[in-house]
file structure.txt (compact mmCIF, C-alpha atoms and all ligand atoms)
# COMPACT_ATOMS: atom_id res chain seq x y z
CA MET A 95 24.78 -46.35 -83.01
CA GLY A 96 27.42 -46.84 -85.69
CA ARG A 97 26.93 -45.09 -88.96
CA PHE A 98 28.99 -44.64 -92.04
CA GLY A 99 28.54 -40.89 -92.06
CA GLY A 100 31.17 -40.27 -89.39
CA LEU A 101 34.25 -39.77 -91.50
CA GLU A 102 32.62 -37.41 -93.87
CA ARG A 103 31.43 -35.34 -90.99
CA LEU A 104 35.02 -34.60 -89.96
CA SER A 105 36.21 -33.57 -93.39
CA PRO A 106 37.61 -30.03 -93.64
CA PHE A 107 35.23 -29.25 -96.46
CA ARG A 108 32.28 -30.16 -94.33
CA PHE A 109 33.61 -28.13 -91.44
CA VAL A 110 34.13 -25.03 -93.54
CA LEU A 111 30.68 -25.46 -95.00
CA SER A 112 29.08 -25.65 -91.55
CA VAL A 113 30.85 -22.52 -90.37
CA GLY A 114 29.76 -20.76 -93.54
CA LEU A 115 26.17 -21.73 -92.97
CA VAL A 116 26.18 -20.51 -89.39
CA LEU A 117 27.30 -17.10 -90.60
CA VAL A 118 24.68 -16.95 -93.29
CA LEU A 119 21.69 -18.17 -91.33
CA VAL A 120 19.42 -15.68 -89.67
CA PRO A 121 18.17 -17.00 -86.36
CA GLY A 122 14.46 -17.11 -85.69
CA ALA A 123 11.40 -19.17 -86.47
CA LEU A 124 11.56 -19.42 -90.21
CA GLY A 125 9.69 -22.70 -90.61
CA TRP A 126 11.08 -25.60 -92.53
CA SER A 127 14.26 -24.46 -94.19
CA LYS A 128 13.99 -23.62 -97.82
CA GLU A 129 14.91 -27.25 -98.53
CA GLY A 130 11.99 -28.51 -96.44
CA HIS A 131 9.51 -26.19 -98.13
CA ILE A 132 10.82 -26.92 -101.60
CA MET A 133 10.54 -30.68 -101.07
CA THR A 134 7.03 -30.39 -99.61
CA CYS A 135 5.86 -28.40 -102.62
CA ARG A 136 7.59 -30.61 -105.18
CA ILE A 137 5.91 -33.67 -103.69
CA ALA A 138 2.55 -31.91 -103.74
CA GLN A 139 2.85 -30.66 -107.29
CA SER A 140 3.80 -34.12 -108.54
CA LEU A 141 0.54 -35.49 -107.07
CA LEU A 142 -1.83 -32.96 -108.61
CA GLU A 143 -4.62 -34.09 -110.86
CA PRO A 144 -5.04 -32.26 -114.16
CA GLU A 145 -7.60 -29.73 -112.93
CA ALA A 146 -5.59 -28.71 -109.89
CA ALA A 147 -2.35 -28.75 -111.87
CA HIS A 148 -3.95 -26.40 -114.36
CA ALA A 149 -5.27 -24.03 -111.70
CA VAL A 150 -1.87 -23.91 -110.01
CA GLU A 151 -0.18 -23.13 -113.30
CA ASN A 152 -2.67 -20.35 -113.96
CA LEU A 153 -2.07 -18.79 -110.58
CA LEU A 154 1.72 -18.85 -110.68
CA PRO A 155 3.56 -15.90 -112.20
CA HIS A 156 5.08 -16.67 -115.59
CA HIS A 157 8.67 -16.30 -114.50
CA VAL A 158 8.61 -19.49 -112.42
CA ASN A 159 7.67 -21.65 -115.41
CA GLY A 160 4.95 -23.50 -113.58
CA ASP A 161 7.19 -24.55 -110.70
CA LEU A 162 5.32 -24.01 -107.42
CA SER A 163 8.32 -24.94 -105.27
CA THR A 164 10.21 -21.84 -106.43
CA LEU A 165 7.75 -19.68 -104.50
CA CYS A 166 7.05 -21.86 -101.48
CA THR A 167 9.49 -19.87 -99.36
CA TRP A 168 7.98 -16.53 -100.42
CA PRO A 169 5.93 -16.17 -97.18
CA ASP A 170 9.19 -16.30 -95.18
CA GLN A 171 10.73 -13.60 -97.35
CA ILE A 172 7.89 -11.11 -96.95
CA ARG A 173 6.83 -11.68 -93.37
CA HIS A 174 8.88 -8.75 -92.10
CA TRP A 175 7.68 -6.31 -94.74
CA TYR A 176 5.30 -3.73 -93.41
CA LYS A 177 2.53 -4.76 -95.78
CA TYR A 178 2.72 -8.39 -94.66
CA HIS A 179 3.48 -7.90 -91.01
CA TRP A 180 0.07 -9.36 -90.15
CA THR A 181 1.28 -12.74 -91.50
CA SER A 182 4.16 -13.20 -89.09
CA SER A 183 2.13 -15.01 -86.44
CA LEU A 184 0.70 -17.37 -89.06
CA HIS A 185 3.77 -19.59 -89.24
CA PHE A 186 3.38 -21.39 -85.91
CA ILE A 187 1.33 -22.15 -82.81
CA ASP A 188 2.38 -21.60 -79.21
CA THR A 189 0.85 -24.14 -76.83
CA PRO A 190 0.99 -24.09 -73.03
CA ASP A 191 4.33 -25.36 -71.69
CA GLU A 192 4.38 -29.11 -71.09
CA ALA A 193 0.70 -29.52 -72.02
CA CYS A 194 1.56 -31.46 -75.18
CA THR A 195 -1.87 -30.80 -76.63
CA PHE A 196 -3.31 -28.41 -79.18
CA LYS A 197 -6.72 -26.80 -78.73
CA VAL A 198 -7.76 -24.47 -81.46
CA SER A 199 -9.88 -22.22 -79.24
CA ARG A 200 -7.14 -21.98 -76.62
CA ASP A 201 -4.02 -21.79 -78.77
CA CYS A 202 -4.85 -20.36 -82.18
CA HIS A 203 -4.32 -16.61 -81.81
CA ASP A 204 -1.55 -14.08 -82.24
CA PRO A 205 0.45 -12.68 -79.30
CA GLN A 206 -2.17 -9.95 -78.88
CA GLY A 207 -4.90 -12.57 -78.60
CA LEU A 208 -6.46 -12.03 -82.04
CA LYS A 209 -8.36 -15.22 -82.89
CA ASN A 210 -7.38 -17.56 -85.75
CA MET A 211 -4.04 -15.87 -86.31
CA CYS A 212 -1.98 -19.06 -86.19
CA VAL A 213 -0.86 -21.62 -88.74
CA VAL A 214 -4.07 -23.65 -88.46
CA GLY A 215 -6.26 -20.55 -88.86
CA ALA A 216 -4.17 -19.50 -91.85
CA ILE A 217 -4.56 -22.86 -93.60
CA GLN A 218 -8.31 -22.63 -93.09
CA ASN A 219 -8.41 -19.05 -94.34
CA PHE A 220 -6.42 -19.62 -97.51
CA THR A 221 -8.13 -22.93 -98.27
CA SER A 222 -11.51 -21.26 -98.10
CA GLN A 223 -10.29 -18.43 -100.35
CA LEU A 224 -9.12 -21.00 -102.93
CA LEU A 225 -12.46 -22.82 -102.81
CA HIS A 226 -14.01 -19.67 -104.26
CA TYR A 227 -11.63 -19.78 -107.19
CA ARG A 228 -13.33 -22.85 -108.60
CA GLU A 229 -16.78 -21.47 -107.97
CA GLY A 230 -15.83 -18.28 -109.75
CA THR A 231 -16.93 -16.29 -106.72
CA ALA A 232 -13.49 -15.13 -105.68
CA ASP A 233 -13.61 -12.07 -103.50
CA ARG A 234 -11.75 -9.29 -105.26
CA ARG A 235 -10.10 -8.30 -102.01
CA TYR A 236 -8.21 -11.57 -102.02
CA ASN A 237 -5.28 -12.40 -104.23
CA MET A 238 -5.55 -16.05 -105.29
CA THR A 239 -1.86 -16.30 -106.13
CA GLU A 240 -0.99 -15.23 -102.64
CA ALA A 241 -3.58 -17.60 -101.18
CA LEU A 242 -1.92 -20.50 -103.04
CA LEU A 243 1.57 -19.54 -101.90
CA PHE A 244 0.50 -19.03 -98.29
CA LEU A 245 -1.40 -22.31 -98.18
CA SER A 246 1.52 -24.20 -99.71
CA HIS A 247 3.95 -22.70 -97.23
CA PHE A 248 1.82 -23.12 -94.12
CA MET A 249 1.03 -26.74 -94.97
CA GLY A 250 4.78 -27.25 -94.66
CA ASP A 251 5.06 -25.33 -91.41
CA VAL A 252 2.20 -27.11 -89.65
CA HIS A 253 4.05 -30.40 -90.24
CA GLN A 254 7.31 -29.18 -88.68
CA PRO A 255 6.82 -30.54 -85.14
CA MET A 256 8.55 -27.63 -83.39
CA HIS A 257 6.22 -25.16 -85.10
CA VAL A 258 3.63 -26.35 -82.62
CA GLY A 259 5.78 -25.99 -79.53
CA PHE A 260 5.83 -24.52 -76.06
CA THR A 261 5.16 -20.85 -75.48
CA SER A 262 7.99 -19.92 -73.11
CA ASP A 263 10.80 -21.29 -75.30
CA LYS A 264 9.19 -20.10 -78.56
CA GLY A 265 9.02 -23.58 -80.03
CA GLY A 266 12.62 -24.35 -79.05
CA ASN A 267 14.06 -21.11 -80.45
CA THR A 268 15.43 -20.07 -77.07
CA ILE A 269 16.95 -23.48 -76.33
CA ASP A 270 20.52 -22.85 -77.45
CA LEU A 271 22.70 -25.89 -78.01
CA ARG A 272 25.24 -27.36 -80.36
CA TRP A 273 24.51 -29.38 -83.43
CA PHE A 274 27.68 -31.46 -83.78
CA ARG A 275 30.34 -28.73 -83.86
CA HIS A 276 28.40 -25.56 -84.36
CA LYS A 277 26.00 -23.41 -82.40
CA SER A 278 22.33 -23.82 -83.09
CA ASN A 279 19.03 -24.05 -81.25
CA LEU A 280 16.44 -26.75 -80.90
CA HIS A 281 13.96 -25.12 -83.24
CA HIS A 282 16.55 -24.70 -85.94
CA VAL A 283 17.70 -28.30 -85.58
CA TRP A 284 14.22 -29.30 -86.76
CA ASP A 285 13.83 -26.57 -89.36
CA ARG A 286 17.07 -27.25 -91.09
CA GLU A 287 20.00 -28.98 -89.38
CA ILE A 288 18.61 -32.50 -89.65
CA ILE A 289 17.80 -32.02 -93.32
CA LEU A 290 21.24 -30.57 -94.11
CA THR A 291 23.05 -33.30 -92.21
CA ALA A 292 21.03 -35.97 -94.01
CA LEU A 293 21.79 -34.34 -97.36
CA ALA A 294 25.50 -34.16 -96.61
CA ASP A 295 25.89 -37.61 -95.08
CA TYR A 296 23.66 -39.71 -97.30
CA TYR A 297 22.81 -37.85 -100.47
CA ASP A 298 25.98 -36.10 -101.58
CA LYS A 299 24.06 -32.82 -101.03
CA ASP A 300 21.72 -33.73 -103.84
CA MET A 301 18.21 -32.66 -102.83
CA ASP A 302 16.63 -34.27 -105.88
CA LEU A 303 18.02 -37.61 -104.83
CA LEU A 304 16.67 -37.21 -101.29
CA LEU A 305 13.32 -36.19 -102.73
CA GLN A 306 13.27 -39.30 -104.91
CA HIS A 307 13.89 -41.49 -101.86
CA ILE A 308 11.13 -39.81 -99.89
CA MET A 309 8.70 -40.26 -102.77
CA THR A 310 9.70 -43.87 -103.35
CA ASN A 311 8.99 -44.51 -99.69
CA PHE A 312 5.34 -43.55 -100.09
CA THR A 313 4.70 -44.73 -103.64
CA ASP A 314 5.85 -48.27 -102.84
CA GLY A 315 8.00 -48.24 -99.70
CA ILE A 316 7.66 -48.02 -95.93
CA TRP A 317 4.79 -45.53 -95.95
CA TYR A 318 2.81 -47.00 -98.83
CA ASP A 319 0.12 -48.48 -96.57
CA ASP A 320 -0.23 -45.28 -94.57
CA VAL A 321 -0.76 -42.78 -97.33
CA SER A 322 -4.51 -43.14 -97.61
CA SER A 323 -4.90 -42.50 -93.88
CA TRP A 324 -2.65 -39.43 -94.17
CA LYS A 325 -5.19 -38.07 -96.63
CA ASP A 326 -8.23 -38.78 -94.45
CA CYS A 327 -10.06 -35.52 -94.11
CA ASN A 328 -13.79 -35.02 -93.82
CA ASN A 329 -13.91 -31.27 -93.59
CA LEU A 330 -11.27 -29.63 -95.74
CA LEU A 331 -11.33 -26.56 -93.53
CA THR A 332 -10.57 -28.24 -90.22
CA CYS A 333 -8.16 -31.05 -91.09
CA SER A 334 -5.16 -28.96 -90.15
CA ASN A 335 -6.26 -29.27 -86.49
CA LYS A 336 -5.19 -32.90 -86.75
CA TYR A 337 -1.84 -32.01 -88.32
CA ALA A 338 -1.10 -29.54 -85.52
CA THR A 339 -2.00 -32.12 -82.89
CA GLU A 340 0.37 -34.61 -84.52
CA SER A 341 3.10 -31.97 -84.48
CA ILE A 342 2.84 -31.09 -80.79
CA ASN A 343 2.78 -34.81 -79.97
CA LEU A 344 5.96 -35.32 -81.98
CA ALA A 345 7.53 -32.19 -80.50
CA CYS A 346 6.99 -33.62 -77.00
CA LYS A 347 7.97 -37.19 -77.79
CA TRP A 348 10.97 -36.52 -80.05
CA GLY A 349 11.77 -32.81 -80.16
CA TYR A 350 12.03 -31.75 -76.52
CA GLN A 351 12.51 -35.23 -75.10
CA GLY A 352 15.76 -35.46 -73.14
CA VAL A 353 17.16 -32.21 -74.56
CA LYS A 354 18.82 -29.71 -72.24
CA ALA A 355 19.95 -26.21 -73.20
CA GLY A 356 23.71 -26.00 -73.68
CA GLU A 357 24.25 -29.62 -74.61
CA THR A 358 25.53 -31.05 -77.87
CA LEU A 359 23.16 -33.00 -80.09
CA ALA A 360 24.86 -35.42 -82.46
CA ASP A 361 24.59 -38.92 -83.95
CA ASP A 362 22.02 -40.42 -81.58
CA TYR A 363 19.64 -37.51 -81.93
CA PHE A 364 20.17 -37.29 -85.68
CA ASP A 365 19.68 -41.02 -86.31
CA SER A 366 16.46 -41.26 -84.34
CA ARG A 367 14.88 -37.99 -85.55
CA MET A 368 15.78 -37.99 -89.23
CA PRO A 369 13.06 -40.53 -90.17
CA ILE A 370 10.47 -38.34 -88.46
CA VAL A 371 11.55 -35.25 -90.36
CA MET A 372 11.39 -37.12 -93.67
CA LYS A 373 7.96 -38.49 -92.89
CA ARG A 374 6.62 -35.06 -91.96
CA ILE A 375 7.87 -33.62 -95.25
CA ALA A 376 6.16 -36.49 -97.09
CA GLN A 377 2.92 -35.98 -95.18
CA GLY A 378 2.96 -32.24 -95.79
CA GLY A 379 3.35 -32.81 -99.52
CA VAL A 380 0.71 -35.53 -99.80
CA ARG A 381 -1.78 -33.50 -97.80
CA LEU A 382 -1.14 -30.26 -99.67
CA ALA A 383 -1.89 -32.16 -102.89
CA MET A 384 -5.04 -33.59 -101.32
CA ILE A 385 -6.28 -30.11 -100.40
CA LEU A 386 -5.45 -28.59 -103.79
CA ASN A 387 -7.02 -31.52 -105.66
CA ARG A 388 -10.21 -31.17 -103.68
CA ALA A 389 -10.30 -27.38 -103.75
CA PHE A 390 -9.66 -27.12 -107.50
CA GLY A 391 -11.21 -30.37 -108.73
CA ASP A 392 -14.88 -31.10 -108.99
CA SER A 393 -14.83 -34.40 -107.18
CA ASP A 394 -13.00 -35.93 -104.27
CA LYS A 395 -12.15 -39.16 -106.00
CA GLY A 396 -8.79 -40.44 -107.11
CA GLU A 397 -6.59 -37.78 -105.58
CA PHE A 398 -3.72 -40.13 -105.58
CA ALA A 399 -4.00 -41.31 -109.16
CA ALA A 400 -1.29 -38.93 -110.31
CA ALA A 401 1.24 -40.64 -108.05
CA THR A 402 2.15 -43.30 -110.56
C1 LIG A 501 -7.12 -14.23 -94.14
O1 LIG A 501 -6.52 -13.64 -95.29
C2 LIG A 501 -6.80 -12.26 -95.48
C3 LIG A 501 -6.03 -11.79 -96.71
O2 LIG A 501 -6.10 -12.69 -97.76
C4 LIG A 501 -6.39 -11.47 -94.28
O3 LIG A 501 -6.79 -10.13 -94.44
C5 LIG A 501 -6.96 -12.06 -93.00
O4 LIG A 501 -6.44 -11.37 -91.88
C6 LIG A 501 -6.59 -13.52 -92.91
N1 LIG A 501 -7.08 -14.14 -91.70
C7 LIG A 501 -6.37 -15.13 -91.09
C8 LIG A 501 -7.01 -15.70 -89.87
O5 LIG A 501 -5.32 -15.55 -91.52
C1 LIG A 502 -1.11 -10.96 -106.31
O1 LIG A 502 0.04 -11.12 -105.50
C2 LIG A 502 1.26 -11.24 -106.21
C3 LIG A 502 2.34 -11.52 -105.19
O2 LIG A 502 2.32 -10.59 -104.16
C4 LIG A 502 1.51 -9.96 -107.02
O3 LIG A 502 2.71 -10.09 -107.73
C5 LIG A 502 0.34 -9.74 -107.94
O4 LIG A 502 0.50 -8.51 -108.64
C6 LIG A 502 -0.99 -9.71 -107.18
N1 LIG A 502 -2.10 -9.68 -108.13
C7 LIG A 502 -3.05 -8.79 -108.05
C8 LIG A 502 -4.14 -8.92 -109.08
O5 LIG A 502 -3.05 -7.92 -107.22
C1 LIG A 503 13.14 -44.82 -97.03
O1 LIG A 503 12.91 -46.09 -96.46
C2 LIG A 503 14.07 -46.81 -96.06
C3 LIG A 503 13.64 -48.15 -95.51
O2 LIG A 503 13.05 -48.90 -96.50
C4 LIG A 503 14.85 -46.02 -95.02
O3 LIG A 503 16.04 -46.70 -94.69
C5 LIG A 503 15.18 -44.65 -95.59
O4 LIG A 503 15.80 -43.87 -94.59
C6 LIG A 503 13.93 -43.95 -96.05
N1 LIG A 503 14.35 -42.72 -96.69
C7 LIG A 503 13.73 -41.57 -96.52
C8 LIG A 503 14.32 -40.39 -97.18
O5 LIG A 503 12.72 -41.46 -95.89

call {"tool": "encode", "arguments": {"input": "structure.txt", "output": "structure tokens", "more": "lines below"}}
Ligand SMILES: *[C@@H]1O[C@H](CO)[C@@H](O)[C@H](O)[C@H]1NC(C)=O
Ligand SMILES: *[C@@H]1O[C@H](CO)[C@@H](O)[C@H](O)[C@H]1NC(C)=O
Ligand SMILES: *[C@@H]1O[C@H](CO)[C@@H](O)[C@H](O)[C@H]1NC(C)=O
result
Amino acid sequence: MGRFGGLERLSPFRFVLSVGLVLVLVPGALGWSKEGHIMTCRIAQSLLEPEAAHAVENLLPHHVNGDLSTLCTWPDQIRHWYKYHWTSSLHFIDTPDEACTFKVSRDCHDPQGLKNMCVVGAIQNFTSQLLHYREGTADRRYNMTEALLFLSHFMGDVHQPMHVGFTSDKGGNTIDLRWFRHKSNLHHVWDREIILTALADYYDKDMDLLLQHIMTNFTDGIWYDDVSSWKDCNNLLTCSNKYATESINLACKWGYQGVKAGETLADDYFDSRMPIVMKRIAQGGVRLAMILNRAFGDSDKGEFAAAT
């Protein structure tokens, strides 16, 4: 497929930048890159109704000036600290190899088998903690600021298809390959490479511009008609089961499909997968807003009113 990004991709600047990034990046399952998490949270915050917007502002520390997205990567920063070690299995779900299904009772546990210690269990946990905030019955053991940051982060992760991947390859982390010219792995391609390549090729590395395009595509573009079904959710505490099922389906259909360790992924893979990555970021943002609006508001109506 011909694209106009080709020339830019060969530029020395671009090449140096890629090498630089490879040196800087720490391998491992970090979830959406910081760009992915920031965009998810910016979308969500822009869709908050006044009550939820107010609650979020109250919960954020002063130094971020009311900007949730600044702290949406916090759970990745602290997951290796001793105090937060228990959170490290909350970023993903391992499903049986090739099964291409998610079953909460079968798959949602940590490597030691402890129940609910997976991204879906975490979303449920932190959503239910935040529900007590409105009722004024918050359990003093729980820190509502942390609950907000964890929920916001894990709503991003559950939408990254390879975060609900196969057990033996750790969601693609052990599938080493090349992304254009540099070494990467399949998991990381979905966490970050596709987003960075899109930013470099189409958006002059301007994340705000990319974000604007994503938002235009659901406020009156290609996803406009789908948004209300994205927000369908009867039981606030179990809707993330659906998001995880979507992710493993996408991981099988688009993530793993046709990929062999050691090969080079380039234009064809990028062109066909980029729209999926953008849509998942949009869905994560819209659904995070839906959950926060319902958890902090006193009615379920008009969650999307703030979109315009
Ligand atoms: C829920 O969160 C609390 C801390 O806020 C934690 O102690 C507990 O282990 C969490 N459970 C799950 C399933 O994430
Ligand atoms: C809640 O958690 C945040 C982030 O870890 C921390 O800065 C803050 O002091 C905690 N608040 C309370 C009341 O413990
Ligand atoms: C937005 O939609 C257009 C099609 O109308 C598509 O070409 C473009 O890639 C989409 N952009 C994003 C960021 O999703």

call {"tool": "atom_distance", "arguments": {"input": "structure.txt", "atom1": "atom CA of A:Asp188", "atom2": "atom CA of A:Thr261"}}
result
4.7 Å

call {"tool": "atom_distance", "arguments": {"input": "structure.txt", "atom1": "atom CA of A:Gly379", "atom2": "atom CA of A:His148"}}
result
17.7 Å

call {"tool": "residues_near_ligand", "arguments": {"input": "structure.txt", "ligand": "ligand LIG 503 (chain A)", "cutoff": "12 Å", "atoms": "all atoms listed in the file", "output": "VMD selection string"}}
result
chain A and resid 133 288 to 289 292 to 293 295 to 297 300 to 318 364 to 377

call {"tool": "closest_residue", "arguments": {"input": "structure.txt", "among": "A:Ile217, A:Ile187, A:Cys166, A:Val283", "to": "A:Ser262", "atoms": "only C-alpha atoms"}}
result
A:Ile187

call {"tool": "residues_near_ligand", "arguments": {"input": "structure.txt", "ligand": "ligand LIG 502 (chain A)", "cutoff": "7 Å", "atoms": "all atoms listed in the file", "output": "VMD selection string"}}
result
chain A and resid 237 to 240

call {"tool": "residues_near_ligand", "arguments": {"input": "structure.txt", "ligand": "ligand LIG 501 (chain A)", "cutoff": "7 Å", "atoms": "only C-alpha atoms and all ligand atoms", "output": "list of chain:residue names"}}
result
A:Leu184, A:Asn210, A:Met211, A:Gly215, A:Ala216, A:Asn219, A:Phe220, A:Tyr236, A:Asn237, A:Ala241

call {"tool": "closest_residue", "arguments": {"input": "structure.txt", "among": "A:Leu153, A:Leu386, A:Val198, A:Ala355", "to": "A:Ser278", "atoms": "all atoms listed in the file"}}
result
A:Ala355

call {"tool": "residues_around", "arguments": {"input": "structure.txt", "residues": "A:Gly349", "least_positions_apart": "3", "cutoff": "12 Å", "atoms": "all atoms listed in the file", "output": "JSON, numbers by chain"}}
result
{"A": [194, 254, 255, 256, 257, 258, 259, 260, 265, 266, 267, 269, 279, 280, 281, 282, 283, 284, 285, 288, 341, 342, 343, 344, 345, 346, 352, 353, 354, 359, 363, 364, 366, 367, 368, 370, 371]}

call {"tool": "atom_distance", "arguments": {"input": "structure.txt", "atom1": "atom CA of A:Glu143", "atom2": "atom CA of A:Val252"}}
result
23.3 Å

call {"tool": "residues_around", "arguments": {"input": "structure.txt", "residues": "A:Glu229", "least_positions_apart": "5", "cutoff": "12 Å", "atoms": "only C-alpha atoms", "output": "PyMOL selection string"}}
result
chain A and resi 222-224+389-392

call {"tool": "residues_around", "arguments": {"input": "structure.txt", "residues": "A:Lys197", "least_positions_apart": "6", "cutoff": "10 Å", "atoms": "all atoms listed in the file", "output": "ChimeraX atom specification"}}
result
/A:189-190,335,338-339

call {"tool": "residues_around", "arguments": {"input": "structure.txt", "residues": "A:Gln171", "least_positions_apart": "2", "cutoff": "12 Å", "atoms": "only C-alpha atoms", "output": "PDB file with C-alpha atoms, in the frame of the given file"}}
result
ATOM      1  CA  VAL A 120      19.420 -15.680 -89.670  1.00  0.00           C
ATOM      2  CA  LEU A 124      11.560 -19.420 -90.210  1.00  0.00           C
ATOM      3  CA  GLY A 125       9.690 -22.700 -90.610  1.00  0.00           C
ATOM      4  CA  SER A 127      14.260 -24.460 -94.190  1.00  0.00           C
ATOM      5  CA  LYS A 128      13.990 -23.620 -97.820  1.00  0.00           C
ATOM      6  CA  LEU A 165       7.750 -19.680-104.500  1.00  0.00           C
ATOM      7  CA  CYS A 166       7.050 -21.860-101.480  1.00  0.00           C
ATOM      8  CA  THR A 167       9.490 -19.870 -99.360  1.00  0.00           C
ATOM      9  CA  TRP A 168       7.980 -16.530-100.420  1.00  0.00           C
ATOM     10  CA  PRO A 169       5.930 -16.170 -97.180  1.00  0.00           C
ATOM     11  CA  ARG A 173       6.830 -11.680 -93.370  1.00  0.00           C
ATOM     12  CA  HIS A 174       8.880  -8.750 -92.100  1.00  0.00           C
ATOM     13  CA  TRP A 175       7.680  -6.310 -94.740  1.00  0.00           C
ATOM     14  CA  TYR A 176       5.300  -3.730 -93.410  1.00  0.00           C
ATOM     15  CA  TYR A 178       2.720  -8.390 -94.660  1.00  0.00           C
ATOM     16  CA  HIS A 179       3.480  -7.900 -91.010  1.00  0.00           C
ATOM     17  CA  THR A 181       1.280 -12.740 -91.500  1.00  0.00           C
ATOM     18  CA  SER A 182       4.160 -13.200 -89.090  1.00  0.00           C
ATOM     19  CA  LEU A 243       1.570 -19.540-101.900  1.00  0.00           C
ATOM     20  CA  PHE A 244       0.500 -19.030 -98.290  1.00  0.00           C
ATOM     21  CA  HIS A 247       3.950 -22.700 -97.230  1.00  0.00           C
TER      22      HIS A 247
END

call {"tool": "residues_around", "arguments": {"input": "structure.txt", "residues": "A:Ala149", "least_positions_apart": "3", "cutoff": "9 Å", "atoms": "all atoms listed in the file", "output": "PyMOL selection string"}}
result
chain A and resi 144-146+152-154+227-228+390

call {"tool": "axis_aligned_box", "arguments": {"input": "structure.txt", "around": "stretch 214-227 of chain A", "padding_each_side": "5 Å", "output": "JSON"}}
result
{"center_x": -9.0, "center_y": -21.0, "center_z": -97.8, "size_x": 19.9, "size_y": 15.2, "size_z": 28.7}

call {"tool": "build_atoms", "arguments": {"input": "structure.txt", "residues": "stretch 288-299 of chain A", "atoms": "N, CA, C and O atoms", "output": "mmCIF file, in the frame of the given file"}}
result
data_model
loop_
_atom_site.group_PDB
_atom_site.id
_atom_site.type_symbol
_atom_site.label_atom_id
_atom_site.label_comp_id
_atom_site.auth_asym_id
_atom_site.auth_seq_id
_atom_site.Cartn_x
_atom_site.Cartn_y
_atom_site.Cartn_z
ATOM 1 N N ILE A 288 18.764 -31.067 -89.379
ATOM 2 C CA ILE A 288 18.610 -32.500 -89.650
ATOM 3 C C ILE A 288 18.574 -32.748 -91.155
ATOM 4 O O ILE A 288 19.192 -33.688 -91.661
ATOM 5 N N ILE A 289 17.886 -31.866 -91.868
ATOM 6 C CA ILE A 289 17.800 -32.020 -93.320
ATOM 7 C C ILE A 289 19.184 -31.842 -93.955
ATOM 8 O O ILE A 289 19.600 -32.642 -94.805
ATOM 9 N N LEU A 290 19.912 -30.807 -93.513
ATOM 10 C CA LEU A 290 21.240 -30.570 -94.110
ATOM 11 C C LEU A 290 22.210 -31.694 -93.795
ATOM 12 O O LEU A 290 23.001 -32.105 -94.656
ATOM 13 N N THR A 291 22.151 -32.203 -92.570
ATOM 14 C CA THR A 291 23.050 -33.300 -92.210
ATOM 15 C C THR A 291 22.714 -34.547 -93.023
ATOM 16 O O THR A 291 23.609 -35.241 -93.520
ATOM 17 N N ALA A 292 21.423 -34.814 -93.192
ATOM 18 C CA ALA A 292 21.030 -35.970 -94.010
ATOM 19 C C ALA A 292 21.519 -35.799 -95.440
ATOM 20 O O ALA A 292 22.067 -36.740 -96.043
ATOM 21 N N LEU A 293 21.340 -34.585 -95.979
ATOM 22 C CA LEU A 293 21.790 -34.340 -97.360
ATOM 23 C C LEU A 293 23.296 -34.559 -97.494
ATOM 24 O O LEU A 293 23.757 -35.179 -98.461
ATOM 25 N N ALA A 294 24.038 -34.063 -96.521
ATOM 26 C CA ALA A 294 25.500 -34.160 -96.610
ATOM 27 C C ALA A 294 25.982 -35.593 -96.393
ATOM 28 O O ALA A 294 26.877 -36.072 -97.091
ATOM 29 N N ASP A 295 25.369 -36.285 -95.438
ATOM 30 C CA ASP A 295 25.890 -37.610 -95.080
ATOM 31 C C ASP A 295 25.431 -38.714 -96.015
ATOM 32 O O ASP A 295 26.152 -39.679 -96.233
ATOM 33 N N TYR A 296 24.215 -38.590 -96.536
ATOM 34 C CA TYR A 296 23.660 -39.710 -97.300
ATOM 35 C C TYR A 296 23.388 -39.416 -98.763
ATOM 36 O O TYR A 296 23.170 -40.319 -99.546
ATOM 37 N N TYR A 297 23.290 -38.147 -99.120
ATOM 38 C CA TYR A 297 22.810 -37.850 -100.470
ATOM 39 C C TYR A 297 23.749 -36.960 -101.268
ATOM 40 O O TYR A 297 23.348 -36.368 -102.269
ATOM 41 N N ASP A 298 25.005 -36.857 -100.803
ATOM 42 C CA ASP A 298 25.980 -36.100 -101.580
ATOM 43 C C ASP A 298 25.451 -34.684 -101.868
ATOM 44 O O ASP A 298 25.690 -34.128 -102.943
ATOM 45 N N LYS A 299 24.682 -34.157 -100.931
ATOM 46 C CA LYS A 299 24.060 -32.820 -101.030
ATOM 47 C C LYS A 299 23.110 -32.657 -102.210
ATOM 48 O O LYS A 299 22.866 -31.552 -102.676
#
